Structure formats: structure tokens, C-alpha cells
Amino acid sequence: MICICCRVLLCSFVEHRNYKIVYRRYASLFFLVGVDNEENELAILEFIHLLVETMDRHFGNVCELDIMFHLEKAHFMLEEMVMNGCIVETSKANILSPIQLMDKAS
């Protein structure tokens with residue numbers, strides 16, 4: 001049985017006025033996404049999970065140092081996934097193919 005005070009700690013989003021912060025922790029990394037109240041929290045959690053899986057596939061086991069030293073690649077992954085605030089790409093192969101081409105060229 002879970003008490004009400006512990007239940008609050010298990011929540012993955014925080015609401016404030018007309019906005020929500022949806023977050024998820026992976027090892028030592030926290031990923032936060034700010035959205036409108038109309039957005040589906042579970043869809044945003046799935047988006048965060050897809051982002052982490054994509055980073056894991058590219059970097060191996062992603063950690064904060066991978067993101068710090070390859071910030072442009074992390075931004076590029078986000079830019080491939082999101083356009084004008086909408087999720088447009090969910091295929092890891094399609095997200096990573098331009099990054100792999102850039103790695104081969106350099």
C-alpha cells in the first residue's frame with residue numbers, strides 16, 4: 001500500500017497555471033519538457049523515452065558528458081524530432097542517419 005505522501009513523489013509532471021513540466025529521470029540525467037495543459041503527459045513521457053533511446057543508440061550508454069561534449073549532436077537530434085513544437089519524426093534510424101553522415105564526413 002502506498003501512502004498519499006509517497007504517491008506525489010512518483011508523479012512525473014508538475015502543473016502550474018496553464019502549463020505542465022513533464023520530466024523523467026534516467027540514471028543521473030533528468031529530462032524536462034514544458035508543455036501546455038492540453039498536451040498528453042504520457043505522449044510527452046514517450047517522447048522523452050524515444051530521445052533517450054536515440055541518444056543511447058548513438059553514444060552508447062548516454063551520460064551527461066556525452067551531452068556536454070556533443071551538445072550540437074543532441075540539439076540536432078531534437079531538431080530532427082520536433083518541428084514548430086510538434087513531434088514529426090519517431091524513427092531512430094531516420095533521426096540518426098544525418099548525424100552518422102556528418103560523422104563520416106568529418
# chains A, B, ... in the order shown; residues from 1 in each chain; ligands from 1
>>> residues_around(residues="Val35 (chain A)", least_positions_apart="6", cutoff="7 Å", atoms="only C-alpha atoms", output="PyMOL selection string")
chain A and resi 19-21
>>> write_last_selection(atoms="all heavy atoms", output="PDB file, in the first residue's frame")
ATOM      1  N   TYR A  19       0.283  25.499 -17.685  1.00  0.00           N
ATOM      2  CA  TYR A  19       1.431  24.779 -18.203  1.00  0.00           C
ATOM      3  C   TYR A  19       1.734  23.541 -17.357  1.00  0.00           C
ATOM      4  O   TYR A  19       1.312  23.440 -16.208  1.00  0.00           O
ATOM      5  CB  TYR A  19       2.672  25.677 -18.232  1.00  0.00           C
ATOM      6  CG  TYR A  19       2.456  26.896 -19.085  1.00  0.00           C
ATOM      7  CD1 TYR A  19       2.173  28.118 -18.510  1.00  0.00           C
ATOM      8  CD2 TYR A  19       2.526  26.807 -20.464  1.00  0.00           C
ATOM      9  CE1 TYR A  19       1.958  29.242 -19.284  1.00  0.00           C
ATOM     10  CE2 TYR A  19       2.313  27.916 -21.258  1.00  0.00           C
ATOM     11  CZ  TYR A  19       2.033  29.139 -20.664  1.00  0.00           C
ATOM     12  OH  TYR A  19       1.817  30.228 -21.442  1.00  0.00           O
ATOM     13  N   LYS A  20       2.482  22.628 -17.953  1.00  0.00           N
ATOM     14  CA  LYS A  20       2.957  21.434 -17.250  1.00  0.00           C
ATOM     15  C   LYS A  20       4.439  21.265 -17.526  1.00  0.00           C
ATOM     16  O   LYS A  20       4.911  21.553 -18.623  1.00  0.00           O
ATOM     17  CB  LYS A  20       2.258  20.171 -17.778  1.00  0.00           C
ATOM     18  CG  LYS A  20       0.806  20.091 -17.530  1.00  0.00           C
ATOM     19  CD  LYS A  20       0.280  18.812 -18.136  1.00  0.00           C
ATOM     20  CE  LYS A  20      -1.227  18.895 -18.266  1.00  0.00           C
ATOM     21  NZ  LYS A  20      -1.755  17.807 -19.056  1.00  0.00           N
ATOM     22  N   ILE A  21       5.140  20.768 -16.541  1.00  0.00           N
ATOM     23  CA  ILE A  21       6.508  20.307 -16.715  1.00  0.00           C
ATOM     24  C   ILE A  21       6.447  18.781 -16.609  1.00  0.00           C
ATOM     25  O   ILE A  21       6.062  18.245 -15.570  1.00  0.00           O
ATOM     26  CB  ILE A  21       7.461  20.868 -15.636  1.00  0.00           C
ATOM     27  CG1 ILE A  21       7.454  22.394 -15.622  1.00  0.00           C
ATOM     28  CG2 ILE A  21       8.867  20.313 -15.830  1.00  0.00           C
ATOM     29  CD1 ILE A  21       8.027  23.026 -16.854  1.00  0.00           C
TER      30      ILE A  21
END
>>> atom_distance(atom1="CA of Val88 (chain A)", atom2="CA of Val62 (chain A)")
22.9 Å
>>> residues_around(residues="Val14 (chain A)", least_positions_apart="4", cutoff="12 Å", atoms="only C-alpha atoms", output="list in words")
Val8, Leu9, Leu10, Asn18, Tyr19, Lys20, Ile21, Val22, Tyr23, Arg24, Leu32, Val33, Gly34, Val35, Asp36, Asn37 and Glu41 of chain A
>>> residues_around(residues="Lys92 (chain A)", least_positions_apart="3", cutoff="9 Å", atoms="only C-alpha atoms", output="count of residues only")
9
>>> closest_residue(among="A:Ala93, A:Phe30, A:Glu15, A:Gln100", to="Lys73 (chain A)", atoms="only C-alpha atoms")
A:Gln100
>>> atom_distance(atom1="CA of Pro98 (chain A)", atom2="CA of Phe76 (chain A)")
9.0 Å
>>> atom_distance(atom1="CA of Phe69 (chain A)", atom2="CA of Leu29 (chain A)")
14.9 Å
>>> select_by_dssp(residues="chain A", states="strand (DSSP E or B)", output="PyMOL selection string")
chain A and resi 13-16+19-26+29-36+82-83+86-87
